[in-house]
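With mmCIF, C-alpha atoms and all ligand atoms inside, this is target_33.cif:
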```
data_structure
loop_
_atom_site.label_atom_id
_atom_site.label_comp_id
_atom_site.auth_asym_id
_atom_site.auth_seq_id
_atom_site.Cartn_x
_atom_site.Cartn_y
_atom_site.Cartn_z
CA MET A 1 0.00 0.00 0.00
CA ALA A 2 1.14 3.53 -0.67
CA ASN A 3 2.52 5.41 2.35
CA LYS A 4 0.35 8.41 3.26
CA LYS A 5 2.65 9.76 5.98
CA ILE A 6 3.54 12.98 4.21
CA ASP A 7 1.49 16.12 3.61
CA ILE A 8 1.19 16.96 -0.06
CA ASP A 9 0.13 20.31 -1.43
CA PRO A 10 -1.49 19.29 -4.76
CA GLY A 11 -0.71 22.66 -6.39
CA GLU A 12 2.96 22.49 -5.43
CA ALA A 13 3.14 18.84 -6.43
CA LYS A 14 1.74 19.61 -9.89
CA GLU A 15 4.20 22.47 -10.34
CA ALA A 16 7.10 20.21 -9.33
CA ILE A 17 5.93 17.41 -11.62
CA LEU A 18 5.49 19.60 -14.69
CA GLY A 19 8.78 21.32 -13.83
CA TYR A 20 10.51 17.92 -13.77
CA CYS A 21 9.17 17.19 -17.27
CA ARG A 22 10.46 20.51 -18.63
CA LYS A 23 13.84 20.15 -16.89
CA LYS A 24 14.28 16.73 -18.48
CA GLY A 25 13.57 18.09 -21.97
CA ALA A 26 9.80 18.13 -22.47
CA LEU A 27 8.54 21.17 -24.34
CA ALA A 28 5.05 20.90 -22.90
CA ALA A 29 3.35 18.96 -20.12
CA GLY A 30 -0.10 18.91 -18.54
CA VAL A 31 -2.63 16.85 -16.63
CA ALA A 32 -5.59 15.33 -18.52
CA ASP A 33 -9.07 15.33 -17.02
CA LEU A 34 -9.47 11.74 -15.81
CA GLU A 35 -13.28 11.84 -15.86
CA ALA A 36 -13.29 12.96 -19.47
CA LEU A 37 -10.73 10.30 -20.41
CA GLU A 38 -12.80 7.58 -18.77
CA ARG A 39 -15.88 8.80 -20.64
CA ILE A 40 -14.28 9.17 -24.08
CA ALA A 41 -11.87 6.23 -24.26
CA PRO A 42 -13.49 2.95 -25.31
CA ALA A 43 -13.98 0.16 -22.79
CA GLY A 44 -10.76 -1.74 -22.26
CA HIS A 45 -8.68 1.33 -23.09
CA ARG A 46 -9.62 3.64 -20.22
CA PRO A 47 -6.84 4.57 -17.81
CA SER A 48 -8.61 2.63 -15.04
CA ASP A 49 -8.53 -0.50 -17.23
CA LEU A 50 -4.75 -0.48 -16.85
CA MET A 51 -4.40 1.05 -13.39
CA PRO A 52 -7.57 0.55 -11.34
CA ARG A 53 -6.84 3.26 -8.74
CA VAL A 54 -5.45 5.87 -11.10
CA LYS A 55 -6.21 9.45 -10.02
CA SER A 56 -4.31 11.50 -12.60
CA VAL A 57 -2.91 11.13 -16.12
CA ILE A 58 0.09 13.31 -16.90
CA SER A 59 0.99 13.92 -20.52
CA LEU A 60 4.23 15.36 -21.87
CA GLY A 61 5.55 16.21 -25.32
CA VAL A 62 9.10 16.45 -26.69
CA GLY A 63 10.17 18.24 -29.85
CA GLY A 64 9.88 16.59 -33.25
CA GLN A 65 12.50 16.77 -35.99
CA THR A 66 15.44 19.14 -36.15
CA GLN A 67 15.19 21.86 -38.79
CA GLY A 68 17.86 20.06 -40.80
CA ALA A 69 15.86 16.82 -40.90
CA TRP A 70 13.11 18.47 -42.95
CA THR A 71 15.63 19.22 -45.70
CA LEU A 72 16.41 15.55 -46.37
CA PRO A 73 14.85 13.60 -49.24
CA ALA A 74 12.10 11.12 -48.41
CA LYS A 75 14.39 8.09 -48.84
CA ALA A 76 16.69 9.39 -46.10
CA MET A 77 13.79 10.38 -43.85
CA SER A 78 12.68 6.77 -43.98
CA PHE A 79 15.55 5.99 -41.57
CA PHE A 80 14.68 8.67 -39.06
CA GLY A 81 12.16 6.78 -37.09
CA SER A 82 11.36 9.37 -34.53
CA THR A 83 12.29 10.82 -31.21
CA GLU A 84 9.44 9.38 -29.17
CA GLY A 85 11.99 7.36 -27.19
CA ARG A 86 13.05 10.61 -25.51
CA ALA A 87 9.46 11.24 -24.39
CA TYR A 88 9.23 7.71 -23.01
CA THR A 89 12.47 8.15 -21.07
CA ILE A 90 11.16 11.30 -19.38
CA ALA A 91 7.83 9.61 -18.54
CA TYR A 92 9.63 6.57 -17.13
CA GLY A 93 11.76 8.82 -14.90
CA LEU A 94 8.71 10.84 -13.87
CA ALA A 95 6.94 7.75 -12.52
CA PHE A 96 9.98 7.09 -10.31
CA MET A 97 10.15 10.76 -9.26
CA ILE A 98 6.50 10.80 -8.13
CA GLU A 99 6.80 7.59 -6.13
CA ARG A 100 10.04 8.77 -4.50
CA GLN A 101 8.82 12.28 -3.72
CA TYR A 102 5.12 11.77 -2.99
CA LEU A 103 4.94 8.08 -2.04
CA GLU A 104 2.05 7.49 -4.43
CA ARG A 105 1.94 4.64 -6.91
CA SER A 106 2.82 5.77 -10.43
CA VAL A 107 3.58 4.08 -13.72
CA TYR A 108 4.85 4.99 -17.15
CA CYS A 109 1.88 4.34 -19.44
CA PRO A 110 2.88 1.70 -22.01
CA PRO A 111 2.53 3.27 -25.47
CA ASP A 112 2.37 -0.16 -27.07
CA ILE A 113 -0.24 -2.08 -29.00
CA ASP A 114 -2.75 -4.24 -27.15
CA PRO A 115 -1.38 -7.80 -27.49
CA GLU A 116 -4.93 -9.17 -27.49
CA LEU A 117 -6.11 -6.95 -30.33
CA GLY A 118 -3.33 -6.79 -32.89
CA SER A 119 -1.23 -4.10 -34.47
CA ARG A 120 -3.87 -1.41 -34.99
CA VAL A 121 -5.14 -1.05 -31.43
CA PRO A 122 -3.02 0.60 -28.74
CA LEU A 123 -3.40 -0.15 -25.05
CA GLN A 124 -4.13 3.53 -24.50
CA SER A 125 -4.51 6.58 -26.70
CA ILE A 126 -1.49 8.67 -25.76
CA LYS A 127 -2.91 11.19 -28.23
CA LEU A 128 -6.16 11.51 -26.28
CA HIS A 129 -4.19 12.02 -23.05
CA ALA A 130 -2.20 14.84 -24.67
CA GLU A 131 -5.25 16.44 -26.26
CA LEU A 132 -7.17 16.55 -22.97
CA ALA A 133 -4.07 17.76 -21.13
CA GLY A 134 -4.06 20.77 -23.46
CA ILE A 135 -0.70 20.18 -25.15
CA GLY A 136 -1.89 19.45 -28.69
CA ALA A 137 -4.94 19.74 -30.96
CA ARG A 138 -6.09 17.38 -33.71
CA SER A 139 -5.05 18.37 -37.21
CA LEU A 140 -6.37 17.64 -40.68
CA ALA A 141 -3.34 15.38 -41.14
CA GLY A 142 -4.91 12.21 -39.76
CA ASP A 143 -5.47 13.78 -36.35
CA ILE A 144 -1.75 14.24 -35.72
CA LEU A 145 -1.65 16.62 -32.76
CA LEU A 146 -0.19 20.07 -33.39
CA HIS A 147 0.78 22.81 -30.97
CA PRO A 148 0.72 26.51 -31.91
CA GLU A 149 4.21 27.14 -30.49
CA PHE A 150 5.99 23.79 -30.68
CA GLY A 151 4.43 22.38 -33.84
CA TYR A 152 4.75 18.63 -34.02
CA MET A 153 5.71 16.71 -30.88
CA TYR A 154 6.03 13.15 -29.59
CA PHE A 155 4.02 12.31 -26.51
CA ALA A 156 4.21 10.03 -23.49
CA SER A 157 2.02 9.62 -20.41
CA VAL A 158 2.27 8.68 -16.75
CA PHE A 159 -0.53 7.28 -14.58
CA THR A 160 -0.46 8.04 -10.88
CA GLU A 161 -2.56 7.58 -7.76
CA LEU A 162 -1.57 11.12 -6.76
CA GLU A 163 -4.49 13.48 -7.29
CA LEU A 164 -3.63 16.51 -9.41
CA GLU A 165 -5.76 19.35 -10.77
CA PRO A 166 -6.51 18.67 -14.46
CA ASP A 167 -5.75 21.12 -17.25
CA LYS A 168 -8.11 21.97 -20.08
CA PRO A 169 -7.83 21.16 -23.79
CA MET A 170 -6.45 23.97 -25.96
CA GLU A 171 -9.08 26.60 -26.74
CA THR A 172 -7.95 27.20 -30.30
CA ASN A 173 -6.64 24.79 -32.89
CA PRO A 174 -3.66 25.98 -34.98
CA CYS A 175 -4.80 23.72 -37.86
CA PRO A 176 -5.61 24.75 -40.50
CA ALA A 177 -3.02 27.53 -40.75
CA PRO A 178 -4.20 30.57 -42.77
CA SER A 179 -1.99 29.55 -45.72
CA CYS A 180 -3.61 26.09 -45.70
CA THR A 181 -7.07 27.66 -45.82
CA ASP A 182 -5.94 29.78 -48.78
CA MET A 183 -4.72 26.69 -50.62
CA TYR A 184 -7.92 24.82 -49.79
CA LYS A 185 -10.00 27.64 -51.29
CA LYS A 186 -8.00 27.39 -54.52
CA ILE A 187 -7.60 23.65 -55.02
CA GLY A 188 -9.82 21.94 -52.44
CA GLN A 189 -6.84 20.47 -50.61
CA THR A 190 -4.47 21.60 -47.86
CA PRO A 191 -0.70 20.95 -48.13
CA CYS A 192 -0.85 17.75 -46.06
CA MET A 193 -3.62 16.39 -48.28
CA LYS A 194 -1.95 17.42 -51.53
CA PHE A 195 1.48 16.00 -50.76
CA CYS A 196 0.54 12.75 -49.03
CA PRO A 197 2.10 10.17 -51.39
CA VAL A 198 -0.83 7.78 -51.07
CA GLN A 199 -3.57 10.44 -50.91
CA CYS A 200 -4.97 9.09 -47.68
CA LEU A 201 -6.01 12.48 -46.28
CA SER A 202 -9.12 14.44 -47.19
CA GLY A 203 -11.50 16.82 -45.48
CA SER A 204 -13.02 20.25 -45.63
CA ILE A 205 -12.63 23.67 -44.07
CA SER A 206 -15.59 25.83 -43.09
CA GLU A 207 -16.21 29.40 -44.28
CA ASP A 208 -14.70 30.73 -41.06
CA GLY A 209 -11.44 28.80 -41.60
CA LYS A 210 -12.03 25.94 -39.15
CA GLN A 211 -11.86 22.17 -39.63
CA ALA A 212 -15.27 20.96 -40.84
CA ASP A 213 -14.43 17.31 -41.34
CA MET A 214 -11.36 15.12 -41.72
CA LYS A 215 -10.98 11.72 -43.32
CA TYR A 216 -7.94 9.54 -42.89
CA ASP A 217 -7.42 6.22 -44.61
CA MET A 218 -5.40 4.57 -41.85
CA ALA A 219 -4.79 1.38 -43.83
CA ALA A 220 -3.28 3.28 -46.77
CA CYS A 221 -1.06 5.33 -44.45
CA ALA A 222 0.00 2.23 -42.51
CA GLU A 223 0.91 0.35 -45.69
CA MET A 224 3.17 3.27 -46.59
CA THR A 225 4.64 3.92 -43.16
CA GLN A 226 4.52 0.96 -40.81
CA GLN A 227 6.88 -1.62 -42.10
CA TYR A 228 6.48 -4.18 -39.35
CA GLU A 229 3.50 -5.52 -41.29
CA THR A 230 5.56 -5.59 -44.47
CA LEU A 231 7.92 -8.05 -42.78
CA ALA A 232 5.22 -10.70 -42.57
CA THR A 233 4.36 -10.15 -46.23
CA VAL A 234 7.99 -10.52 -47.26
CA LEU A 235 8.40 -13.72 -45.25
CA ALA A 236 5.15 -15.19 -46.59
CA GLY A 237 6.26 -14.32 -50.14
CA ALA A 238 9.62 -16.03 -49.59
CA MET A 239 8.02 -19.14 -48.09
CA ASN A 240 5.50 -19.42 -50.89
CA ALA A 241 7.92 -18.68 -53.74
CA ASP A 242 7.92 -21.25 -56.53
CA THR A 243 11.61 -21.07 -57.31
CA ASP A 244 14.87 -20.39 -55.47
CA GLU A 245 15.38 -17.30 -57.61
CA GLU A 246 12.00 -15.85 -56.61
CA ARG A 247 12.69 -16.66 -52.94
CA SER A 248 16.07 -15.02 -53.10
CA ALA A 249 14.61 -11.97 -54.83
CA MET A 250 11.91 -11.65 -52.18
CA LEU A 251 14.46 -11.71 -49.38
CA HIS A 252 17.31 -9.83 -50.99
CA ARG A 253 15.96 -7.21 -53.35
CA PRO A 254 17.16 -3.77 -52.21
CA GLU A 255 13.96 -2.43 -50.60
CA ASN A 256 13.47 -5.66 -48.65
CA LYS A 257 17.11 -5.84 -47.57
CA THR A 258 16.53 -2.39 -46.09
CA LEU A 259 13.99 -3.94 -43.71
CA TRP A 260 16.55 -6.42 -42.36
CA TYR A 261 19.03 -3.58 -41.95
CA LYS A 262 16.54 -1.46 -40.02
CA MET A 263 15.74 -4.39 -37.75
CA SER A 264 19.39 -5.10 -37.10
CA VAL A 265 20.08 -1.53 -35.99
CA GLY A 266 16.81 -1.18 -34.06
CA SER A 267 15.62 1.68 -36.26
CA GLY A 268 12.35 3.31 -35.22
CA GLY A 269 11.86 3.74 -38.96
CA LEU A 270 10.13 0.36 -38.97
CA LEU A 271 7.25 1.89 -37.07
CA ALA A 272 6.70 5.08 -39.06
CA GLN A 273 8.82 6.36 -41.85
CA CYS A 274 6.76 8.80 -43.94
CA PHE A 275 6.86 12.40 -42.84
CA GLU A 276 5.58 14.01 -46.02
CA CYS A 277 2.35 15.42 -44.51
CA MET A 278 4.38 17.06 -41.74
CA ARG A 279 7.22 18.19 -44.01
CA VAL A 280 4.77 20.50 -45.81
CA CYS A 281 2.83 21.54 -42.72
CA PRO A 282 3.47 25.19 -41.78
CA ILE A 283 2.68 24.49 -38.11
CA ALA A 284 4.95 21.44 -37.86
CA THR A 285 7.88 23.17 -39.54
CA ARG A 286 7.41 26.88 -38.85
CA ALA A 287 5.61 27.28 -35.51
CA PRO A 288 7.62 29.83 -33.48
CA LEU A 289 9.43 27.17 -31.38
CA ALA A 290 9.15 24.18 -33.72
CA ASP A 291 12.82 23.18 -33.84
CA PRO A 292 16.07 23.65 -31.89
CA ILE A 293 17.25 26.55 -34.09
CA LEU A 294 14.00 28.47 -33.63
CA ARG A 295 14.03 27.75 -29.89
CA ALA A 296 17.67 28.89 -29.60
CA GLU A 297 16.93 32.09 -31.54
CA ALA A 298 13.97 32.80 -29.26
CA ALA A 299 16.17 32.22 -26.19
CA LEU A 300 18.81 34.61 -27.58
CA GLU A 301 16.13 37.25 -28.13
CA ARG A 302 15.07 36.83 -24.52
CA GLY A 303 18.70 37.38 -23.53
CA GLU A 304 19.26 33.79 -22.37
CA ASP A 305 22.37 31.73 -23.20
S1 LIG B 1 2.44 9.71 -42.82
FE1 LIG B 1 2.71 9.68 -45.08
S2 LIG B 1 1.15 8.24 -45.82
FE2 LIG B 1 0.56 8.80 -43.71
S3 LIG B 1 -0.82 10.58 -43.91
FE3 LIG B 1 1.23 11.42 -43.66
S4 LIG B 1 1.99 11.69 -45.76
FE4 LIG B 1 0.24 10.30 -45.88
S1 LIG B 2 -0.70 21.25 -43.50
FE1 LIG B 2 -0.71 21.23 -41.23
S2 LIG B 2 -1.82 23.08 -40.61
FE2 LIG B 2 -2.22 22.74 -42.80
S3 LIG B 2 -4.13 21.60 -42.82
FE3 LIG B 2 -2.49 20.08 -42.87
S4 LIG B 2 -2.09 19.56 -40.73
FE4 LIG B 2 -3.31 21.44 -40.75
#
```

Re-express the file's structure as structure tokens.
Amino acid sequence: MANKKIDIDPGEAKEAILGYCRKKGALAAGVADLEALERIAPAGHRPSDLMPRVKSVISLGVGGQTQGAWTLPAKAMSFFGSTEGRAYTIAYGLAFMIERQYLERSVYCPPDIDPELGSRVPLQSIKLHAELAGIGARSLAGDILLHPEFGYMYFASVFTELELEPDKPMETNPCPAPSCTDMYKKIGQTPCMKFCPVQCLSGSISEDGKQADMKYDMAACAEMTQQYETLATVLAGAMNADTDEERSAMLHRPENKTLWYKMSVGSGGLLAQCFECMRVCPIATRAPLADPILRAEAALERGED
């Protein structure tokens, strides 16, 4: 049982917890409204389904790509994977920090798929946690969360039995950006829709420049981006090949050899390797603090080192 021998000021505790996240490298952090999460998340994927006595869900986001990364061609970006590991490291440390400092049970929320439901169903929606914690809003690019200052981030969550005051979702959504609305008026598509290589994004923008509806063909995007399912196809093709030549081609042609390479080096690029919708997104790439150069320039302007 958790030790209740210490007095905890919930306001101070929240400040210390969010401060820990920022000190460790998170750009944004907040507390999601647990009641809302329990109401919105489907049965089996509510926070209490994983941690029965959970009282608070803390969400944090780390920065996305460097400015230089966006200049690379798509074939090089396919090796980038992502930086979500950094977010997970902070969340993992935060769970330890809360238990050590406040003696309340805490756990890093596993961002993984539900082993009972296959590769399209996560244990929890880290995205929903972040949205309700007010550190990102759903975009027309397949609901990728965007932040008006930090652009595109990677998120992680912590569950705790420590009760913390929840934050509110963001009041305004930076997507669509004014330039995206202008493009939509001219061609009926925003940049993310136009430049998606498999055309899996569509939607509409209202007269007052807000998202009216968004459609995302998850299967088409996944076929393009999530290569762990490609591995099974390659292996099945090799096993079912009629000749040794066909089997060898299936296993060793250049694009398939790349898969073995990525596996051998543990590249996150197996999980998501297409960044084209974000490469052309003005919020992801040009929000005021979207990358380390922009953040450093802003710090210099504020007179910080
Ligand atoms: S990740 Fe690639 S395939 Fe998926 S929506 Fe974005 S551009 Fe399209
Ligand atoms: S390019 Fe970015 S800001 Fe523009 S509509 Fe797409 S996701 Fe929204």

Original post:
Any idea what's packed within 9 Å of Gln226 of chain A, counting only C-alpha atoms, ignoring anything in its chain fewer than 2 positions away? Could you give it as a list in words?
Top reply: Cys221, Ala222, Glu223, Met224, Tyr228, Glu229, Thr230, Gly269, Leu270, Leu271, Ala272, Gln273 and Cys274 of chain A

**OP:** Would you mind listing the residues within 10 Å of ligand LIG 1 (chain B), counting only C-alpha atoms and all ligand atoms, as a PyMOL selection string?
**Re:** chain A and resi 140-144+191-202+216-226+272-280

Requested write-out: C-alpha atoms of the selected residues, as a PDB file, in the coordinates of the input:
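See again09.pdb below for the written result:
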```
ATOM      1  CA  LEU A 140      -6.370  17.640 -40.680  1.00  0.00           C
ATOM      2  CA  ALA A 141      -3.340  15.380 -41.140  1.00  0.00           C
ATOM      3  CA  GLY A 142      -4.910  12.210 -39.760  1.00  0.00           C
ATOM      4  CA  ASP A 143      -5.470  13.780 -36.350  1.00  0.00           C
ATOM      5  CA  ILE A 144      -1.750  14.240 -35.720  1.00  0.00           C
ATOM      6  CA  PRO A 191      -0.700  20.950 -48.130  1.00  0.00           C
ATOM      7  CA  CYS A 192      -0.850  17.750 -46.060  1.00  0.00           C
ATOM      8  CA  MET A 193      -3.620  16.390 -48.280  1.00  0.00           C
ATOM      9  CA  LYS A 194      -1.950  17.420 -51.530  1.00  0.00           C
ATOM     10  CA  PHE A 195       1.480  16.000 -50.760  1.00  0.00           C
ATOM     11  CA  CYS A 196       0.540  12.750 -49.030  1.00  0.00           C
ATOM     12  CA  PRO A 197       2.100  10.170 -51.390  1.00  0.00           C
ATOM     13  CA  VAL A 198      -0.830   7.780 -51.070  1.00  0.00           C
ATOM     14  CA  GLN A 199      -3.570  10.440 -50.910  1.00  0.00           C
ATOM     15  CA  CYS A 200      -4.970   9.090 -47.680  1.00  0.00           C
ATOM     16  CA  LEU A 201      -6.010  12.480 -46.280  1.00  0.00           C
ATOM     17  CA  SER A 202      -9.120  14.440 -47.190  1.00  0.00           C
ATOM     18  CA  TYR A 216      -7.940   9.540 -42.890  1.00  0.00           C
ATOM     19  CA  ASP A 217      -7.420   6.220 -44.610  1.00  0.00           C
ATOM     20  CA  MET A 218      -5.400   4.570 -41.850  1.00  0.00           C
ATOM     21  CA  ALA A 219      -4.790   1.380 -43.830  1.00  0.00           C
ATOM     22  CA  ALA A 220      -3.280   3.280 -46.770  1.00  0.00           C
ATOM     23  CA  CYS A 221      -1.060   5.330 -44.450  1.00  0.00           C
ATOM     24  CA  ALA A 222       0.000   2.230 -42.510  1.00  0.00           C
ATOM     25  CA  GLU A 223       0.910   0.350 -45.690  1.00  0.00           C
ATOM     26  CA  MET A 224       3.170   3.270 -46.590  1.00  0.00           C
ATOM     27  CA  THR A 225       4.640   3.920 -43.160  1.00  0.00           C
ATOM     28  CA  GLN A 226       4.520   0.960 -40.810  1.00  0.00           C
ATOM     29  CA  ALA A 272       6.700   5.080 -39.060  1.00  0.00           C
ATOM     30  CA  GLN A 273       8.820   6.360 -41.850  1.00  0.00           C
ATOM     31  CA  CYS A 274       6.760   8.800 -43.940  1.00  0.00           C
ATOM     32  CA  PHE A 275       6.860  12.400 -42.840  1.00  0.00           C
ATOM     33  CA  GLU A 276       5.580  14.010 -46.020  1.00  0.00           C
ATOM     34  CA  CYS A 277       2.350  15.420 -44.510  1.00  0.00           C
ATOM     35  CA  MET A 278       4.380  17.060 -41.740  1.00  0.00           C
ATOM     36  CA  ARG A 279       7.220  18.190 -44.010  1.00  0.00           C
ATOM     37  CA  VAL A 280       4.770  20.500 -45.810  1.00  0.00           C
TER      38      VAL A 280
END
```

Subject >> Contact residues around Leu60 of chain A with all atoms listed in the file at 12 Å, ignoring same-chain residues under 6 positions, as a PyMOL selection string >> reply: chain A and resi 17-32+84+86-92+94+108-109+126-136+153-159

Subject >> Surrounding residues of Glu149 of chain A excluding itself and chain neighbours under 5 positions, 6 Å, all atoms listed in the file, as JSON, numbers by chain >> reply: {"A": [287, 288, 289]}

Original post:
Using only C-alpha atoms and all ligand atoms, which of the listed residues (A:Phe79, A:Trp70, A:Tyr152, A:Tyr261) sits closest to ligand LIG 2 (chain B)?
Top reply: A:Tyr152

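Of note, atom CA of Glu163 of chain A and atom CA of Lys55 of chain A are spaced 5.2 Å apart.
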
**OP:** Name the closest residue to Glu116 of chain A among the candidates A:Lys185, A:Lys262, A:Lys257, A:His45; distances are taken between atoms, counting only C-alpha atoms.
**Re:** A:His45

Subject >> Selected residue, from A:Pro254, A:Gly237, A:Gly266, A:Pro176, that lies nearest to ligand LIG 2 (chain B) when counting only C-alpha atoms and all ligand atoms >> reply: A:Pro176

Box along x, y and z, 8 Å on every side, all listed atoms of ligand LIG 2 (chain B) inside: centre and edge lengths in Å to one decimal, as AutoDock Vina command-line options.
```
--center_x -2.4 --center_y 21.3 --center_z -42.1 --size_x 19.4 --size_y 19.5 --size_z 18.9
```

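In this comparison, which uses only C-alpha atoms and all ligand atoms, the residue of A:Pro10, A:Pro115, A:Pro178, A:Pro52 approaching ligand LIG 2 (chain B) most closely is A:Pro178.
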
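Comparing A:Ala241, A:Met263, A:Cys180, A:Ala232 by their smallest distance to ligand LIG 2 (chain B), the closest is A:Cys180 (using only C-alpha atoms and all ligand atoms).
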
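Proximity to Lys14 of chain A was assessed for A:Glu165, A:Glu255, A:Asp33, A:Glu104 counting only C-alpha atoms; the smallest distance is recorded for A:Glu165.
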